[in-house]
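S.K.: Handing you this structure, nothing more for now.
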Amino acid sequence: MSDEMSDSAALLTLSDINTFYGQIHILQDISMEIRIGELVCLLGGNASGKSTTLKTILGIVSPRSGTIEFDGADVTEKSTSFRIAQGMAIVPENRRLFAPMTVLENLEMGAYLRDDDHSEDLEQVYQLFPLLADRKGQLAGTLSGGEQQMVAMGRALMSRPKLLLMDEPSMGLAPILVEQSFEIIQQVHEAGVSILVVEQNANMALSIADHGYVLATGRIVLADTAEVLTEHEGLKKAYLGR
Amino acid sequence: MKKRSQWPKLVLLFVAMALVAAACGGDDDAGAGGDTTTTAAAAPAATTTATTEAAPATTMAPEPTTTTAVEMQPCVASIGFIGPITGPVAFIGEVQLNWMQYAVDVFNEELSIDISIVEGDNQFDTAQSATLAAQFVDNADMVAAVGPAGSDNVDAAGAVFEDLDSDFSFVSPSSTRVGIAATYTGMFRTVPTDAEQGPTTADYMIAQGASKVFLIDDQSSYSTGLADSTTAALEAGGVEVVTESVSQDVTDFSALVSTIPDDADFVYLPWQVAANGQIFANQMAEQGKTIRIFGSDGMDSEDFTAAGSLVATFAPDIAGVAGSADLLAGFLAEYESTNTFGPPVFVAAQVIIEATYRVCMTGATPDRASVQAEIRNTDLADSILGSPVSFTSDGDLAGGQFFISEIQEDGTKKIAG
Amino acid sequence: MEFFLQQTVNGLTLGSVYALLALGYSMVYGILKLLNFAHGEVYMFGAFAGYGVLTVLGGASAPLVPIWLMILLMFLAAIVVSSTIGVTLERFAYRPLRNSTRIAPLISAVGASFFLQAAALLLFTANSRTYDAPKLIAIQTGIPIGPIRVWMVRVLVIVTSFTLMILLTLWVNRTRTGKAVRAVSYDREAAAMMGIDVDKVIVVTFLIGSALAGVGGVMVGLVFGRVFHLMGFVAGLKAFTAAVVGGIGSIPGAMFGGLLIGFAEAYTTGYLSSTFQNLIVFGLLIVVLLVRPRGLFGRQELVKV
Ligand SMILES: Nc1ncnc2c1ncn2[C@@H]1O[C@H](COP(=O)(O)OP(=O)(O)OP(=O)(O)O)[C@@H](O)[C@H]1O
Ligand SMILES: [Mg+2]
């Protein structure tokens with residue numbers, strides 16, 4: 001499967017990205033690529049720059065140098081709105097739901113940039129997460145952690161993304177919920193959405209990914225297929241707990 | 001894109017227009033409706049030219065002691081004027097300056113002297129008054145000054161005069177705070193003090209048979225002081241006084257209006273902002289309250305036009321003073337309109353000019369000390385205000401009294417007591 | 001009963017103006033966490049814009065256009081002037097400081113407030129103006145409610161402000177931009193991650209909040225009469241109090257807080273004494289903050305803007 005995927009065209013290409021917070025150099029010469037239809041995972045310890053990478057991709061923070069190409073176009077100078085309109089979406093770290101708004105309103109925010117009718121997409125989200133249909137009038141802030149994760153996923157899918165960015169979707173979930181959410185990620189992937197998932201749970205991430213990158217203090221230290229990374233000795237010691 | 005680029009310009013244009021309109025729109029104070037006295041148009045045109053020379057031949061000018069005048073050097077001096085020529089109460093300053101100019105013109109001609117004016121615009125700002133006072137003291141040609149208007153400004157200027165040169169005299173045409181003239185050596189005033197206003201007001205109400213008065217102060221020291229003295233006089237006369245208080249910054253009095261008892265005979269408003277008094281009157285009308293409003297001298301302004309209401313004034317409307325008709329006509333021939341703040345300036349200028357003249361008559365060159373001594377000796381049997389003018393040892397107007405006017409349907413005021 | 005009714009009408013009039021002002025204060029705070037001290041001046045300029053239109057069109061005693069059109073134009077002019085000032089403030093006084101310390105935009109707001117006051121002083125002088133609304137709409141016109149009669153201008157003020165409050169509530173809850181305002185208020189970065197143009201939403205918030213203040217300015221001119229360059233200060237203070245009592249950042253809170261302060265002022269004056277009015281109002285503020293530090297509608301309601 002991965003072989004045939006790697007032949008397809010690049011959806012996202014980062015070249016020599018350097019991102020700073022003020023004077024602090026966070027991302028250092030990051031280059032990575034996600035091909036159409038791929039599921040790629042980005043691993044790394046705390047403060048290694050994973051979230052910063054996603055924010056740079058989405059345009060929430062701007063890199064000081066380097067280029068970002070998305071779907072065949074250079075988007076380095078483009079706004080977040082533009083990138084989202086072109087097909088990016090994110091499930092942010094800690095979900096970042098709009099707590100005082102209802103589940104339905106949260107989902108609608110995911111489709112903020114769409115002018116067309118999105119009732120079909122709403123139906124699809126409810127199919128994926130039947131529970132949300134019952135909870136659509138409930139304030140998002142009053143949902144359980146698992147339910148919130150569903151809303152966050154659903155919200156991102158509402159824009160019909162080509163590339164779904166996910167920042168630690170398993171964080172704070174019970175093991176059984178972690179498994180469930182990875183199943184859903186796979187479902188979404190199989191439906192044709194390319195995915196970049198950031199995880200500390202490397203085992204789980206590599207088990208569903210085609211490729212993986214490993215980040216340490218803002219540099220990419222490893223990049224390979226998921227199979228190779230799963231067997232990588234150093235990685236095993238450092239992240240896979242084996 | 002093209003569509004969007006147009007509308008910011010439109011908006012800008014709109015804004016500019018609306019703001020210009022607001023800026024140009026007449027001030028309340030300049031409203032045409034309520035001149036305190038008649039306008040120039042009302043004065044007979046034929047007589048006006050003659051009056052300028054004829055007027056001072058009345059009792060106001062001293063007998064010219066022509067015997068020594070021949071050998072004398074010309075009597076030359078300059079007099080300062082401090083007043084709110086611009087700013088929040090420019091309607092006071094403008095009229096005051098006009099009367100000042102008029103007085104100087106009249107007496108220069110009449111007494112063959114050469115008095116000039118140095119104008120000082122304090123914008124009704126105490127800091128400006130203090131600065132102007134210092135400048136006046138520095139001006140060696142200046143023997144004394146008229147002004148300032150308002151007791152706070154008198155305090156500001158007075159402290160500087162006292163400090164730098166207590167021989168410098170200043171005659172205020174509109175400061176009524178009690179005790180202020182005693183504080184400053186060089187201060188005189190041609191208007192009565194608030195100590196007179198309270199009793200005059202109370203006496204009038206009592207004479208009208210009042211048994212209950214609703215009093216609202218505006219939380220300024222002017223207002224509370226006046227409220228206290230009026231209340232004391234009313235209560236001494238057996239009148240019940242219900243007291244309330246509201247800030248000058250407030251413009252909604254409706255809740256307060258609702259609390260006015262129906263059996264009150266007067267609503268007494270010792271207020272500084274006359275426009276607020278008008279709003280109060282409107283809100284009374286809105287609630288169907290017909291009790292008469294009685295305003296203090298602060299309400300004596302074109303902003304307050306509620307017909308049937310009464311206001312206290314520190315000077316009379318001189319249109320009602322028979323002996324001043326010629327002077328008034330002469331003034332109106334030259335300047336458009338006047339109000340109660342004008343004539344006391346004429347008297348203040350007159351006091352200084354005649355004191356200067358008397359010094360000249362002794363053969364001396366007028367200086368501040370000699371002019372001040374002569375101002376103390378002022379003893380006019382009559383004045384444009386229709387009453388004699390002399391000063392107490394403090395510099396207060398001796399025997400000063402307040403006047404009470406009723407506002408007519410057309411906005412003019414008529415002496416009521 | 002008559003007295004109570006009268007005071008209720010008085011409180012309602014004052015309260016609906018406070019509510020309109022408090023809304024803008026609260027919305028801006030919600031979205032920027034900034035106390036927009038210049039909000040009262042935005043309201044003052046609205047009042048002057050209405051006065052400008054009134055004067056140009058003949059004044060209250062000799063209007064050149066039908067009265068309904070006159071009042072409509074006054075409101076429109078105030079909306080245009082106030083929202084232009086509000087948006088300009090955002091662009092030049094607040095946006096450049098958005099990523100600096102929290103105190104910097106606050107100081108900028110105080111500066112903007114003084115600047116606008118001084119500008120008004122130069123433009124309009126310190127003389128106060130009056131709308132003279134009784135000449136436009138006679139004091140005798142009105143709607144009888146039981147034993148009392150409510151002047152048409154009051155009816156207009158109360159109806160207009162309640163209509164605007166309902167429209168605003170619908171807008172914020174039902175429209176895409178309205179929801180975006182709520183989203184940005186709650187979490188600016190998350191909203192950006194949804195593709196919401198945060199700058200645009202902030203501009204819209206200033207636009208609407210300032211327009212409401214402008215409308216409030218004309219209302220005050222119509223019903224209470226006097227407009228002057230310092231009128232924004234006390235009004236701004238009252239609006240701020242209303243917003244805090246209601247729970248700053250909360251739209252229903254601002255409405256409720258504004259009305260509450262209006263009623264508190266009217267009933268205090270009516271049943272206690274006008275002398276204690278401010279004492280009671282600010283006492284109320286302290287009590288509310290002691291019992292509910294986030295205001296009556298703050299946080300717990302989860303309706304934040
Ligand atoms: N807004 C910011 N301003 C300054 N520094 C920041 C900011 N956001 C993140 N950082 C710093 O950048 C570094 C990388 O942060 P980042 O959030 O990308 O790490 P991460 O790999 O996502 O970590 P975690 O696994 O804990 O989420 C950290 O040292 C962090 O403190
Ligand atoms: Mg992270």
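Every chain in the structure tokens has a letter given in the order shown (A, B, ...), and although residue numbers restart at 1 in each chain, ligands are simply numbered from 1 in the order shown.
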Using only C-alpha atoms, tabulate the residues of chain C lying at most 12 Å from any atom of chain A, each with its closest atom pair and that distance in Å to one decimal, by chain and increasing residue number, as JSON lines.
M.R.:
{"residue": "C:Asn99", "atom": "CA", "partner": "A:Gly22", "partner_atom": "CA", "distance": 11.6}
{"residue": "C:Val172", "atom": "CA", "partner": "A:Met101", "partner_atom": "CA", "distance": 11.2}
{"residue": "C:Asn173", "atom": "CA", "partner": "A:Glu105", "partner_atom": "CA", "distance": 9.2}
{"residue": "C:Arg174", "atom": "CA", "partner": "A:Glu105", "partner_atom": "CA", "distance": 9.4}
{"residue": "C:Thr175", "atom": "CA", "partner": "A:Glu105", "partner_atom": "CA", "distance": 10.4}
{"residue": "C:Arg176", "atom": "CA", "partner": "A:Tyr112", "partner_atom": "CA", "distance": 7.2}
{"residue": "C:Thr177", "atom": "CA", "partner": "A:Tyr112", "partner_atom": "CA", "distance": 8.9}
{"residue": "C:Gly178", "atom": "CA", "partner": "A:Met109", "partner_atom": "CA", "distance": 11.1}
{"residue": "C:Lys179", "atom": "CA", "partner": "A:Glu105", "partner_atom": "CA", "distance": 7.7}
{"residue": "C:Ala180", "atom": "CA", "partner": "A:Met109", "partner_atom": "CA", "distance": 7.4}
{"residue": "C:Val181", "atom": "CA", "partner": "A:Met109", "partner_atom": "CA", "distance": 11.0}
{"residue": "C:Arg182", "atom": "CA", "partner": "A:Met101", "partner_atom": "CA", "distance": 8.1}
{"residue": "C:Ala183", "atom": "CA", "partner": "A:Phe98", "partner_atom": "CA", "distance": 6.1}
{"residue": "C:Val184", "atom": "CA", "partner": "A:Phe98", "partner_atom": "CA", "distance": 9.0}
{"residue": "C:Ser185", "atom": "CA", "partner": "A:Phe98", "partner_atom": "CA", "distance": 9.5}
{"residue": "C:Tyr186", "atom": "CA", "partner": "A:Phe98", "partner_atom": "CA", "distance": 6.5}
{"residue": "C:Asp187", "atom": "CA", "partner": "A:Phe98", "partner_atom": "CA", "distance": 7.1}
{"residue": "C:Arg188", "atom": "CA", "partner": "A:Phe98", "partner_atom": "CA", "distance": 10.1}
{"residue": "C:Glu189", "atom": "CA", "partner": "A:Ile60", "partner_atom": "CA", "distance": 7.8}
{"residue": "C:Ala190", "atom": "CA", "partner": "A:Arg96", "partner_atom": "CA", "distance": 6.0}
{"residue": "C:Ala191", "atom": "CA", "partner": "A:Met109", "partner_atom": "CA", "distance": 8.0}
{"residue": "C:Ala192", "atom": "CA", "partner": "A:Thr80", "partner_atom": "CA", "distance": 7.1}
{"residue": "C:Met193", "atom": "CA", "partner": "A:Ile90", "partner_atom": "CA", "distance": 6.9}
{"residue": "C:Met194", "atom": "CA", "partner": "A:Gly110", "partner_atom": "CA", "distance": 5.6}
{"residue": "C:Gly195", "atom": "CA", "partner": "A:Ser81", "partner_atom": "CA", "distance": 4.1}
{"residue": "C:Ile196", "atom": "CA", "partner": "A:Ser81", "partner_atom": "CA", "distance": 6.5}
{"residue": "C:Asp197", "atom": "CA", "partner": "A:Ser81", "partner_atom": "CA", "distance": 6.7}
{"residue": "C:Val198", "atom": "CA", "partner": "A:Ser81", "partner_atom": "CA", "distance": 9.8}
{"residue": "C:Asp199", "atom": "CA", "partner": "A:Ser81", "partner_atom": "CA", "distance": 11.7}
{"residue": "C:Lys200", "atom": "CA", "partner": "A:Ser81", "partner_atom": "CA", "distance": 11.7}
{"residue": "C:Ser250", "atom": "CA", "partner": "A:Pro100", "partner_atom": "CA", "distance": 11.1}
{"residue": "C:Gly298", "atom": "CA", "partner": "A:Pro100", "partner_atom": "CA", "distance": 11.4}
{"residue": "C:Arg299", "atom": "CA", "partner": "A:Pro100", "partner_atom": "CA", "distance": 8.9}
{"residue": "C:Gln300", "atom": "CA", "partner": "A:Pro100", "partner_atom": "CA", "distance": 9.8}
{"residue": "C:Glu301", "atom": "CA", "partner": "A:Pro100", "partner_atom": "CA", "distance": 8.2}
{"residue": "C:Leu302", "atom": "CA", "partner": "A:Pro100", "partner_atom": "CA", "distance": 4.7}
{"residue": "C:Val303", "atom": "CA", "partner": "A:Pro100", "partner_atom": "CA", "distance": 5.6}
{"residue": "C:Lys304", "atom": "CA", "partner": "A:Pro100", "partner_atom": "CA", "distance": 6.7}
{"residue": "C:Val305", "atom": "CA", "partner": "A:Pro100", "partner_atom": "CA", "distance": 9.3}
S.K.: Using only C-alpha atoms, what does the table of chain C residues within 7 Å of chain B look like, with each row giving the shortest atom pair and its distance in Å to one decimal, sorted by chain and ascending number, as a tab-separated table?
M.R.:
residue	atom	partner	partner_atom	distance
C:Phe3	CA	B:Ser258	CA	6.9
C:Gln6	CA	B:Ser258	CA	6.9
C:Gln7	CA	B:Ala255	CA	5.8
C:Asn10	CA	B:Ala255	CA	5.8
C:Phe48	CA	B:Ala22	CA	5.8
C:Ala49	CA	B:Ala18	CA	5.4
C:Tyr51	CA	B:Ala22	CA	5.9
C:Gly52	CA	B:Ala22	CA	3.7
C:Val53	CA	B:Ala18	CA	6.3
C:Thr55	CA	B:Gly25	CA	5.7
C:Val56	CA	B:Ala21	CA	6.2
C:Ala77	CA	B:Ala18	CA	6.8
C:Val80	CA	B:Val15	CA	6.8
C:Val81	CA	B:Val15	CA	5.3
C:Leu123	CA	B:Ala23	CA	5.5
C:Phe124	CA	B:Ala23	CA	4.6
C:Thr125	CA	B:Gly87	CA	6.5
C:Ala126	CA	B:Pro88	CA	4.5
C:Asn127	CA	B:Pro88	CA	4.7
C:Ser128	CA	B:Asp28	CA	6.7
C:Arg129	CA	B:Asp28	CA	5.3
C:Thr130	CA	B:Asp28	CA	6.7
C:Ile139	CA	B:Glu286	CA	5.4
C:Gln140	CA	B:Glu286	CA	6.9
C:Trp151	CA	B:Glu286	CA	6.6
C:Phe224	CA	B:Asp252	CA	5.6
C:Gly225	CA	B:Ile279	CA	6.2
C:Arg226	CA	B:Thr251	CA	6.7
C:Ala266	CA	B:Ala255	CA	5.1
C:Thr269	CA	B:Leu256	CA	6.0
C:Gly270	CA	B:Thr259	CA	5.8
C:Ser273	CA	B:Glu244	CA	6.7
C:Ser274	CA	B:Ser245	CA	5.7
C:Thr275	CA	B:Ser245	CA	5.0
S.K.: How would you report the residues lying within 8 Å of ligand 1, as a PyMOL selection string, if you count only C-alpha atoms and all ligand atoms?
M.R.: chain A and resi 21-22+24+26+44-53+93+167-168+199-200+215+217-218
S.K.: Mind writing the picked residues with C-alpha atoms as a compact mmCIF listing (two decimals), in the first residue's frame?
M.R.:
# COMPACT_ATOMS: atom_id res chain seq x y z
CA TYR A 21 9.24 32.70 18.71
CA GLY A 22 10.79 36.09 19.21
CA ILE A 24 14.08 31.73 20.19
CA ILE A 26 12.31 26.68 17.45
CA GLY A 44 8.81 13.77 19.26
CA GLY A 45 9.15 14.50 22.94
CA ASN A 46 7.73 17.44 24.82
CA ALA A 47 8.75 20.82 23.51
CA SER A 48 10.41 19.30 20.48
CA GLY A 49 8.41 21.60 18.19
CA LYS A 50 5.61 19.35 16.96
CA SER A 51 2.79 21.79 17.55
CA THR A 52 4.90 24.59 16.17
CA THR A 53 5.34 22.59 12.99
CA GLU A 93 -3.80 20.23 20.65
CA ASP A 167 -2.16 17.44 17.22
CA GLU A 168 -2.01 14.61 19.75
CA GLU A 199 1.71 11.92 18.53
CA GLN A 200 3.68 11.01 21.61
CA LEU A 215 11.54 15.61 15.79
CA THR A 217 14.62 20.02 19.71
CA GLY A 218 13.31 21.46 16.50
S.K.: Please list as an MDAnalysis selection string every residue within 10 Å of C:Ile71, counting only C-alpha atoms and excluding residues in the same chain fewer than 2 positions away.
M.R.: chainID C and resid 50 53:54 65:69 73:77 136 218:219 222
S.K.: Write down as a short mmCIF file (atom, residue, chain, number, x, y, z; two decimals) with N, CA, C and O atoms, in the first residue's frame the residues belonging to stretch 135-215 of chain A that are assigned strand (DSSP E or B) by DSSP computed on the backbone.
M.R.:
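So the final result, stored in part-v3.cif, reads:
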data_model
loop_
_atom_site.label_atom_id
_atom_site.label_comp_id
_atom_site.auth_asym_id
_atom_site.auth_seq_id
_atom_site.Cartn_x
_atom_site.Cartn_y
_atom_site.Cartn_z
N LEU A 139 -23.84 22.51 25.18
CA LEU A 139 -22.66 23.36 25.13
C LEU A 139 -21.41 22.48 25.13
O LEU A 139 -21.29 21.55 25.94
N LEU A 163 -6.11 17.79 3.52
CA LEU A 163 -5.08 17.42 4.49
C LEU A 163 -5.58 17.73 5.90
O LEU A 163 -5.94 18.86 6.21
N LEU A 164 -5.60 16.68 6.71
CA LEU A 164 -6.05 16.86 8.09
C LEU A 164 -4.82 16.85 8.99
O LEU A 164 -4.04 15.90 8.99
N LEU A 165 -4.65 17.95 9.75
CA LEU A 165 -3.55 18.03 10.71
C LEU A 165 -4.12 17.68 12.08
O LEU A 165 -5.14 18.23 12.48
N MET A 166 -3.48 16.74 12.79
CA MET A 166 -4.00 16.36 14.10
C MET A 166 -2.90 16.45 15.14
O MET A 166 -1.84 15.87 14.97
N ASP A 167 -3.18 17.24 16.19
CA ASP A 167 -2.16 17.44 17.22
C ASP A 167 -2.51 16.63 18.46
O ASP A 167 -3.38 17.02 19.25
N SER A 194 -5.77 12.91 3.30
CA SER A 194 -4.37 12.79 3.73
C SER A 194 -4.26 13.33 5.15
O SER A 194 -4.94 14.30 5.50
N ILE A 195 -3.41 12.70 5.94
CA ILE A 195 -3.37 13.06 7.36
C ILE A 195 -1.93 13.22 7.83
O ILE A 195 -1.06 12.42 7.49
N LEU A 196 -1.72 14.29 8.63
CA LEU A 196 -0.46 14.43 9.36
C LEU A 196 -0.82 14.41 10.83
O LEU A 196 -1.49 15.32 11.33
N VAL A 197 -0.42 13.37 11.52
CA VAL A 197 -0.80 13.25 12.93
C VAL A 197 0.43 13.37 13.82
O VAL A 197 1.44 12.71 13.61
N VAL A 198 0.33 14.27 14.80
CA VAL A 198 1.39 14.45 15.78
C VAL A 198 1.07 13.56 16.97
O VAL A 198 -0.08 13.55 17.44
N GLU A 199 2.00 12.82 17.41
CA GLU A 199 1.71 11.92 18.53
C GLU A 199 2.91 11.73 19.44
O GLU A 199 4.06 11.82 19.02
N HIS A 211 4.27 6.80 6.71
CA HIS A 211 5.60 7.36 6.96
C HIS A 211 5.64 8.00 8.33
O HIS A 211 4.60 8.33 8.89
N GLY A 212 6.84 8.23 8.82
CA GLY A 212 6.97 8.93 10.08
C GLY A 212 8.19 9.84 10.06
O GLY A 212 9.16 9.60 9.35
N TYR A 213 8.09 10.93 10.80
CA TYR A 213 9.23 11.81 11.04
C TYR A 213 9.42 11.90 12.55
O TYR A 213 8.45 11.87 13.30
N VAL A 214 10.65 12.00 12.96
CA VAL A 214 10.90 12.16 14.39
C VAL A 214 11.62 13.49 14.61
O VAL A 214 12.60 13.80 13.94
N LEU A 215 11.06 14.26 15.53
CA LEU A 215 11.54 15.61 15.79
C LEU A 215 12.23 15.62 17.15
O LEU A 215 11.73 15.03 18.11
#
S.K.: Can you pull out the residues contacting stretch 364-368 of chain B? Cut-off 10 Å, using only C-alpha atoms, and skip same-chain residues under 4 positions away; I want them as a list in words.
M.R.: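 The residues that qualify are Met72, Gln73, Pro74, Cys75, Val76, Ala77, Val137, Ala140, Asp141, Met142, Val143, Ala144, Asp165, Ser166, Asp167, Phe168, Ser169, Gly186, Ala355, Thr356, Tyr357, Arg358, Val359, Cys360, Gln372, Ala373 and Glu374 of chain B.
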S.K.: Compile the contact shell of C:Val215 as a PyMOL selection string: residues with an atom at most 8 Å away, counting only C-alpha atoms, same-chain residues fewer than 4 positions apart removed.
M.R.: chain C and resi 43+46-47+75+78-79+211+219
S.K.: Could you save the residues just selected, with N, CA, C and O atoms, as a tab-separated table (two decimals), in the first residue's frame?
M.R.:
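Wrote result-v6.tsv, looks like this:
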chain	number	residue	atom	x	y	z
C	43	TYR	N	-19.45	57.62	21.87
C	43	TYR	CA	-20.86	57.94	22.12
C	43	TYR	C	-21.10	59.45	22.02
C	43	TYR	O	-22.05	59.92	21.39
C	46	GLY	N	-21.23	60.56	18.52
C	46	GLY	CA	-22.52	60.18	17.95
C	46	GLY	C	-23.58	61.22	18.27
C	46	GLY	O	-24.36	61.63	17.41
C	47	ALA	N	-23.56	61.67	19.52
C	47	ALA	CA	-24.53	62.68	19.94
C	47	ALA	C	-24.34	63.97	19.13
C	47	ALA	O	-25.31	64.59	18.70
C	75	PHE	N	-29.95	59.30	13.47
C	75	PHE	CA	-29.40	58.01	13.90
C	75	PHE	C	-28.36	57.51	12.91
C	75	PHE	O	-27.29	57.03	13.30
C	78	ALA	N	-25.13	59.36	13.23
C	78	ALA	CA	-24.42	58.96	14.44
C	78	ALA	C	-23.77	57.60	14.25
C	78	ALA	O	-22.63	57.38	14.68
C	79	ILE	N	-24.48	56.70	13.59
C	79	ILE	CA	-23.93	55.37	13.36
C	79	ILE	C	-22.67	55.47	12.50
C	79	ILE	O	-21.63	54.87	12.81
C	211	ALA	N	-21.34	51.70	16.76
C	211	ALA	CA	-22.61	52.15	16.18
C	211	ALA	C	-23.68	52.20	17.28
C	211	ALA	O	-24.46	53.16	17.35
C	219	MET	N	-29.93	59.17	21.29
C	219	MET	CA	-31.04	58.95	22.21
C	219	MET	C	-30.96	59.89	23.40
C	219	MET	O	-31.95	60.50	23.80
S.K.: Tell me which protein, DNA and RNA residues are within 6 Å of A:Ile34, counting only C-alpha atoms, leaving out same-chain ones fewer than 6 positions away, and put them as a list in words.
M.R.: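 So, after excluding close chain neighbours, the residues are Ala10, Leu11 and Leu12 of chain A.
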S.K.: Next, the residues of the selection above should be written as a PDB file, in the first residue's frame with N, CA, C and O atoms.
M.R.:
ATOM      1  N   ALA A  10       3.071  15.019  -4.441  1.00  0.00           N
ATOM      2  CA  ALA A  10       3.174  15.609  -3.102  1.00  0.00           C
ATOM      3  C   ALA A  10       1.984  16.530  -2.859  1.00  0.00           C
ATOM      4  O   ALA A  10       1.598  17.302  -3.730  1.00  0.00           O
ATOM      5  N   LEU A  11       1.406  16.421  -1.652  1.00  0.00           N
ATOM      6  CA  LEU A  11       0.317  17.337  -1.269  1.00  0.00           C
ATOM      7  C   LEU A  11       0.892  18.508  -0.484  1.00  0.00           C
ATOM      8  O   LEU A  11       0.525  19.654  -0.680  1.00  0.00           O
ATOM      9  N   LEU A  12       1.807  18.177   0.433  1.00  0.00           N
ATOM     10  CA  LEU A  12       2.426  19.218   1.255  1.00  0.00           C
ATOM     11  C   LEU A  12       3.921  19.027   1.258  1.00  0.00           C
ATOM     12  O   LEU A  12       4.411  17.914   1.477  1.00  0.00           O
TER      13      LEU A  12
END
S.K.: I'd like the interatomic distance between atom CA of A:Gln23 and atom CA of A:Pro63, to a tenth of an Å.
M.R.: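 These atoms are spaced 12.6 Å apart.
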